Every structure is written in structure tokens, then in C-alpha cells.
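Worksheet: the structure to be examined is printed underneath.
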2 protein chains.
Amino acid sequence: MAPQYKFTYLDTRGLGEMCRYLFKYGGIDFEDVRIKRENWPQHKDKTPFGVVPILEYNGKVVGQSLAIARYLAKKVKLVGDNDWESLEIDATADTINDIRIKLIPIIMEQDTTKKQALLETLKKDTFGYYLPRLEAGAQKNNGYLVLGRLTWADFYFSTVSTMFDIVTGEDILGSYPNLKGVRDKVHALPAIKKWIEVRPKSDF
Amino acid sequence: MAPQYKFTYLDTRGLGEMCRYLFKYGGIDFEDVRIKRENWPQHKDKTPFGVVPILEYNGKVVGQSLAIARYLAKKVKLVGDNDWESLEIDATADTINDIRIKLIPIIMEQDTTKKQALLETLKKDTFGYYLPRLEAGAQKNNGYLVLGRLTWADFYFSTVSTMFDIVTGEDILGSYPNLKGVRDKVHALPAIKKWIEVRPKSDF
């Protein structure tokens, strides 16, 4: 039987990888559709709002990576046990997203000198502000970001913090042992470990 | 008895107003704490990640407007009846947020000529792309953004689309009758109508 879920993203990890982790973690079969960058223009107008990832299921299609991840996390039981717990996870994911958004102008910048200046600001003002606070949270939460246990916020952090290292060329979590532990624990989950070994290779 | 919920934001509507609407809609008592811009520096470090709004409840504190709104929407029954419906609402809210984010560089720009150029791009590329698609959705959904009924995505759209008009000085929804209808319906809800009459006045 063909998979019920069709998940479409670019042929990269990027914003799609967290959702792929959730499918793999829960053992949910899905069609992993990957659009090559050069073919994106002819796919763009087939999406609801011109962006990917999108999720198709039961004849319906919907976009937005965080919304899809939250949906999948419910299926694989990585959400809160009550509304307040879900709020804490959602807020953590949105905070990770606030950090992720700061990477975009740096990735887009072509001028080497300007890029270097942006990188310094990123490390000082963004990482220097957020990461000690997230680290203190992880220390209080049994080595997870929130609720003292594995949630989909940890999955999101694992993929976004990998981008930190790619964008800067540095081991950004090196001085944050608890945050590094969050990522290591996600990557050591058997289903994720196996997926990382077999997934298509891409630069980011 | 003092309200169980304490909601803190700046002394503006901005990102906080959707949450205030949800409290009012559901008749949930809350302390509406408003920080004046000039007092923000001494409040910033009392928040989890240096931003507002924040919600305090039962000795706990959490940030992120969309996460708080989703939590409140559960309390007042403006969420999905199942996981897929909630995904559709969440994706719609995130799409509205994608539009909102495009307003920020324009609000920040001080140079009149540059601001004008950014405004033209906003109207052509952002509003011109998203609004016809959202309008078609509202037409298919009984005059609501999604699911054919009132959800918290409509609340978010009402507050964000009001910012469209403030930033441009134009009636941006004028050529989108269904979207204008979404906003009008939210603002005509008795509890919201009453709140709009009595709420503290602010420019945005």
C-alpha cells in the first residue's frame, strides 16, 4: 500500500528535516518527495502559498513546517500531556524559530566582509543572548529543552542547531553541554540514528 | 478574587491584542499588564527571552504570542475538532505571521524614500501574492479563513490586517470582500465589540 502521507520539500534538510525525523521516530510511512532547486519554479505555484514544506494526506494539502511538525508530534506522542505543557513546548519551538530566522540574512549575504560582520553580531547578540538561557533551561529539565523529557521542541532544536554550525563553521554548542546533550540524545534515538545513516546527503 | 492569568505586553495592541481578544471572547478574567515603551528596558530581563507578550499562570511564565494564543484558543473552543483541523488552523496562523513579518522592516525604516520603495514591494509582492489566495480560501470557507467557521486564525488575521492599513495608510482589504468580512465578523462579536470600545487607546 502506498504511504498515506506525502511530504514535499526541497532536496535538502533545512526546514523539512524535523518533520522527516518525526515520521521516522514514530515509524509512520511517508513519501519523501524532494524537489531539486532548479525545478522549484515550476512547483512553487502548486503549493498553497508558494512555500514548502507541504504535507498531503487524504486529498488535502497544507503547509508550514512548525504546524506540520506539531501535527506529527501529536501522532508520535511528543507533545504535552495537557494544554499548559503544550504551550510550553510551542513557546520553546517558537523561540528556536526566532533564532533560526536570524540566520537567513547571513545565508543570503554575498559580500564576504558584510557576512563576517553579520556573523559576529549573530554570535554575540543572538547566540550570546539565547543560548545561555536555553542551556539553563536544559540543565533544569533533565537534559531536555522543556518538561524534563523528550518533546518535538528537542527535534526542532537538533536540526536548527546543526544549521548554527554550518553557517558559522564553528562548534556553537561546544560551550553549552546541556544543549549539546539535547542534540546528541535526539541523534542517538535508534530510528533517527538509522535515518541519518541512510538519508540523502545534502550540504544543509 | 484576583485573576488567575496575568498577561504582560507593551501599552499597545500589536502582538498582544489577539490574546486579549481571546480572553475577552471567552470571558476569561485576566490582568492586562501594559508596559510603557520607556519602562521596557528594566522589564526586558524579567521575561524568559527578552520579549513580550508573556503569560503568567499558577506561578509559571511563558512567552510567544502565537503559542499563548493557541493555548487560550483551546480554552475558548476556537481550535480544531481533530488534529488535522488544528493543523489547518495553525498553518493559516503561520501564513498570517509570514505576512506580518514583512511589515517589520518597513516600520523600522526611517528614510522616507526607502520606506516608500519598501511599501510598494509590500503591496505588490506580499499583499499581491498572499491576499488573493487567502480571499479565495475565505470565499470557500463560509466567510472565515479556514474550516468554514470561526477559529483563532480569524482573530489573528483581524489584528494583523489592521496593521496593514496602519502601515500603508490604505484600506488594504478594500478589494477583498471576503477577507474584510472575516475582520468585520470578528470585530462584531459582542465581547470584542465591547472590548474595542473600552480598551486603552494606542496608535498601533
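For the C-alpha cells, the naming scheme is as follows: chains receive sequential letters (A, B, ...) according to their order of presentation, residues are indexed from 1 within each chain, and ligands are indexed from 1 in presentation order.
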Counting only C-alpha atoms, which residues of chain B come no farther than 7 Å from chain A, as an MDAnalysis selection string?
chainID B and resid 49 62:64 67:68 71 83 87:88 90:91 94 130
Please give the complete set of residues from segment 8-111 of chain A that DSSP, run on the backbone, assigns to strand (DSSP E), formatted as a compact mmCIF listing (two decimals) with N, CA, C and O atoms, in the first residue's frame.
# COMPACT_ATOMS: atom_id res chain seq x y z
N THR A 8 6.44 16.99 0.99
CA THR A 8 7.23 17.59 -0.09
C THR A 8 8.07 18.75 0.43
O THR A 8 7.56 19.66 1.11
N TYR A 9 9.35 18.69 0.11
CA TYR A 9 10.28 19.77 0.48
C TYR A 9 11.36 19.84 -0.58
O TYR A 9 11.34 19.07 -1.55
N LEU A 10 12.30 20.73 -0.41
CA LEU A 10 13.45 20.76 -1.30
C LEU A 10 14.32 19.52 -1.04
O LEU A 10 14.10 18.80 -0.08
N PHE A 30 5.87 7.40 4.92
CA PHE A 30 5.57 8.63 4.17
C PHE A 30 6.36 8.66 2.88
O PHE A 30 7.43 8.05 2.78
N GLU A 31 5.81 9.37 1.91
CA GLU A 31 6.52 9.56 0.65
C GLU A 31 7.38 10.82 0.79
O GLU A 31 6.85 11.91 1.01
N ASP A 32 8.68 10.65 0.70
CA ASP A 32 9.64 11.74 0.93
C ASP A 32 9.96 12.41 -0.40
O ASP A 32 10.98 12.14 -1.03
N VAL A 33 9.08 13.33 -0.82
CA VAL A 33 9.24 13.98 -2.13
C VAL A 33 10.23 15.13 -2.00
O VAL A 33 10.08 16.00 -1.13
N ARG A 34 11.24 15.14 -2.87
CA ARG A 34 12.30 16.15 -2.80
C ARG A 34 12.39 16.88 -4.14
O ARG A 34 12.64 16.27 -5.16
N ILE A 35 12.22 18.19 -4.08
CA ILE A 35 12.28 19.00 -5.30
C ILE A 35 13.68 19.58 -5.43
O ILE A 35 14.18 20.23 -4.50
N ILE A 54 5.26 21.08 2.38
CA ILE A 54 3.82 20.86 2.43
C ILE A 54 3.57 19.39 2.76
O ILE A 54 4.39 18.52 2.48
N LEU A 55 2.43 19.16 3.37
CA LEU A 55 2.01 17.80 3.72
C LEU A 55 0.69 17.50 3.02
O LEU A 55 -0.24 18.30 3.09
N GLU A 56 0.64 16.36 2.32
CA GLU A 56 -0.60 15.94 1.67
C GLU A 56 -1.09 14.66 2.33
O GLU A 56 -0.31 13.74 2.60
N TYR A 57 -2.39 14.63 2.58
CA TYR A 57 -2.99 13.49 3.29
C TYR A 57 -4.47 13.48 2.97
O TYR A 57 -5.15 14.50 3.09
N LYS A 60 -6.01 16.22 0.96
CA LYS A 60 -5.86 17.61 1.42
C LYS A 60 -4.39 17.99 1.48
O LYS A 60 -3.52 17.13 1.63
N VAL A 61 -4.10 19.27 1.36
CA VAL A 61 -2.72 19.72 1.38
C VAL A 61 -2.60 20.93 2.31
O VAL A 61 -3.48 21.80 2.34
N VAL A 62 -1.51 20.96 3.06
CA VAL A 62 -1.31 22.06 4.00
C VAL A 62 0.19 22.35 4.12
O VAL A 62 1.02 21.46 3.91
N GLY A 63 0.53 23.59 4.41
CA GLY A 63 1.94 23.99 4.51
C GLY A 63 2.34 24.34 5.92
O GLY A 63 1.60 24.07 6.88
I want to know what sits within 7 Å of Trp152 of chain B, based on only C-alpha atoms, with residues of the same chain fewer than 6 positions away left out; could you give that as a list in words?
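These residues fall inside the cut-off: Ala73, Leu78 and Val79 of chain B.
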Write the residues of the selection above to a file with N, CA and C atoms, as a CSV table (one decimal), in the first residue's frame.
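part_34.csv, written as the output of this step:
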chain,number,residue,atom,x,y,z
B,73,ALA,N,-7.0,29.7,22.8
B,73,ALA,CA,-8.0,29.3,21.9
B,73,ALA,C,-8.6,27.9,22.3
B,78,LEU,N,-11.9,27.7,20.1
B,78,LEU,CA,-11.7,28.2,18.8
B,78,LEU,C,-10.6,27.5,18.0
B,79,VAL,N,-10.4,26.2,18.4
B,79,VAL,CA,-9.4,25.3,17.8
B,79,VAL,C,-10.1,24.2,17.0
Contacts of Leu122 of chain B within 10 Å, only C-alpha atoms, excl. fewer than 2 positions in-chain, as number ranges by chain:
B: 99, 102-103, 106, 116-120, 124-129, 164, 168
Convert the current residue selection to file output with C-alpha atoms, as a tab-separated table (two decimals), in the first residue's frame.
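Saved file result-v8.tsv follows:
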chain	number	residue	atom	x	y	z
B	99	ILE	CA	2.86	38.35	6.09
B	102	LYS	CA	7.20	41.59	6.17
B	103	LEU	CA	5.82	44.71	7.87
B	106	ILE	CA	9.01	48.99	6.84
B	116	GLN	CA	8.15	54.23	0.08
B	117	ALA	CA	10.04	51.68	-2.04
B	118	LEU	CA	9.55	49.01	0.64
B	119	LEU	CA	5.84	49.84	0.80
B	120	GLU	CA	5.47	49.35	-2.96
B	124	LYS	CA	2.90	44.19	-4.92
B	125	ASP	CA	4.85	41.12	-3.80
B	126	THR	CA	3.46	40.36	-0.34
B	127	PHE	CA	-0.16	41.54	-0.32
B	128	GLY	CA	-0.48	40.89	-4.08
B	129	TYR	CA	0.63	37.30	-3.59
B	164	PHE	CA	-1.73	46.51	7.06
B	168	THR	CA	0.25	51.69	4.36
Helix (DSSP H, G or I) positions in segment 70-148 of chain B, given as a ChimeraX atom specification
/B:70-75,83-101,104-108,112-140
Near Ile196 of chain B, within 12 Å and counting only C-alpha atoms, which residues show up once chain neighbours fewer than 2 positions away are dropped, as a PDB file with C-alpha atoms, in the first residue's frame?
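Written file, out.pdb:
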ATOM      1  CA  ARG B  13      -2.269  46.394  20.564  1.00  0.00           C
ATOM      2  CA  GLU B  17      -4.143  42.153  21.047  1.00  0.00           C
ATOM      3  CA  MET B  18      -5.071  38.743  19.618  1.00  0.00           C
ATOM      4  CA  ARG B  20      -6.596  39.995  24.707  1.00  0.00           C
ATOM      5  CA  TYR B  21      -9.393  39.277  22.182  1.00  0.00           C
ATOM      6  CA  LYS B  24     -12.460  38.716  26.213  1.00  0.00           C
ATOM      7  CA  TYR B  25     -14.208  36.359  23.788  1.00  0.00           C
ATOM      8  CA  THR B 159      -5.361  42.224  14.330  1.00  0.00           C
ATOM      9  CA  VAL B 186     -14.553  39.208  14.498  1.00  0.00           C
ATOM     10  CA  HIS B 187     -14.966  42.877  15.378  1.00  0.00           C
ATOM     11  CA  ALA B 188     -18.756  42.440  15.538  1.00  0.00           C
ATOM     12  CA  LEU B 189     -18.603  39.651  18.122  1.00  0.00           C
ATOM     13  CA  PRO B 190     -20.327  41.191  21.172  1.00  0.00           C
ATOM     14  CA  ALA B 191     -17.403  40.669  23.575  1.00  0.00           C
ATOM     15  CA  ILE B 192     -14.863  42.002  21.050  1.00  0.00           C
ATOM     16  CA  LYS B 193     -17.053  44.946  20.053  1.00  0.00           C
ATOM     17  CA  LYS B 194     -17.366  45.910  23.691  1.00  0.00           C
ATOM     18  CA  VAL B 198     -13.331  50.378  26.217  1.00  0.00           C
ATOM     19  CA  ARG B 199      -9.740  49.309  25.591  1.00  0.00           C
ATOM     20  CA  PRO B 200      -6.873  51.762  26.143  1.00  0.00           C
ATOM     21  CA  LYS B 201      -6.231  53.808  23.007  1.00  0.00           C
ATOM     22  CA  SER B 202      -2.953  53.332  21.145  1.00  0.00           C
TER      23      SER B 202
END
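Atom CA of Phe157 of chain B is found 15.7 Å from atom CA of Asn142 of chain B.
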Could you name the residues that touch segment 178-183 of chain B at 6 Å or less, counting only C-alpha atoms, but leaving out those on the same chain fewer than 2 positions away, as an mmCIF file with N, CA and C atoms, in the first residue's frame?
data_model
loop_
_atom_site.group_PDB
_atom_site.id
_atom_site.type_symbol
_atom_site.label_atom_id
_atom_site.label_comp_id
_atom_site.auth_asym_id
_atom_site.auth_seq_id
_atom_site.Cartn_x
_atom_site.Cartn_y
_atom_site.Cartn_z
ATOM 1 N N GLU B 135 -8.135 35.275 0.164
ATOM 2 C CA GLU B 135 -9.508 35.657 -0.225
ATOM 3 C C GLU B 135 -10.248 34.453 -0.823
ATOM 4 N N ALA B 138 -11.200 32.195 1.957
ATOM 5 C CA ALA B 138 -12.324 32.708 2.755
ATOM 6 C C ALA B 138 -13.646 32.549 1.997
ATOM 7 N N GLN B 139 -13.577 32.694 0.669
ATOM 8 C CA GLN B 139 -14.789 32.516 -0.147
ATOM 9 C C GLN B 139 -15.301 31.076 -0.057
ATOM 10 N N GLY B 143 -16.861 32.494 4.540
ATOM 11 C CA GLY B 143 -16.506 33.814 5.060
ATOM 12 C C GLY B 143 -15.589 33.792 6.260
ATOM 13 N N TYR B 144 -14.990 32.628 6.519
ATOM 14 C CA TYR B 144 -13.943 32.526 7.544
ATOM 15 C C TYR B 144 -12.656 32.063 6.857
ATOM 16 N N SER B 158 -7.554 39.426 12.016
ATOM 17 C CA SER B 158 -8.187 40.713 12.319
ATOM 18 C C SER B 158 -7.185 41.727 12.849
ATOM 19 N N LEU B 173 -7.798 45.826 2.584
ATOM 20 C CA LEU B 173 -8.780 44.761 2.329
ATOM 21 C C LEU B 173 -9.941 45.234 1.445
ATOM 22 N N TYR B 176 -10.878 42.982 -1.235
ATOM 23 C CA TYR B 176 -11.012 41.574 -0.817
ATOM 24 C C TYR B 176 -12.222 41.453 0.122
ATOM 25 N N LYS B 185 -16.508 40.376 10.942
ATOM 26 C CA LYS B 185 -17.230 39.405 11.792
ATOM 27 C C LYS B 185 -16.579 39.290 13.168
ATOM 28 N N VAL B 186 -15.243 39.277 13.198
ATOM 29 C CA VAL B 186 -14.553 39.208 14.498
ATOM 30 C C VAL B 186 -14.863 40.460 15.312
#
Please measure the separation of atom CA of Thr47 of chain A and atom CA of Thr162 of chain B, giving the value in Å to one decimal.
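Answer for the atom CA of Thr47 of chain A to atom CA of Thr162 of chain B separation: 26.6 Å.
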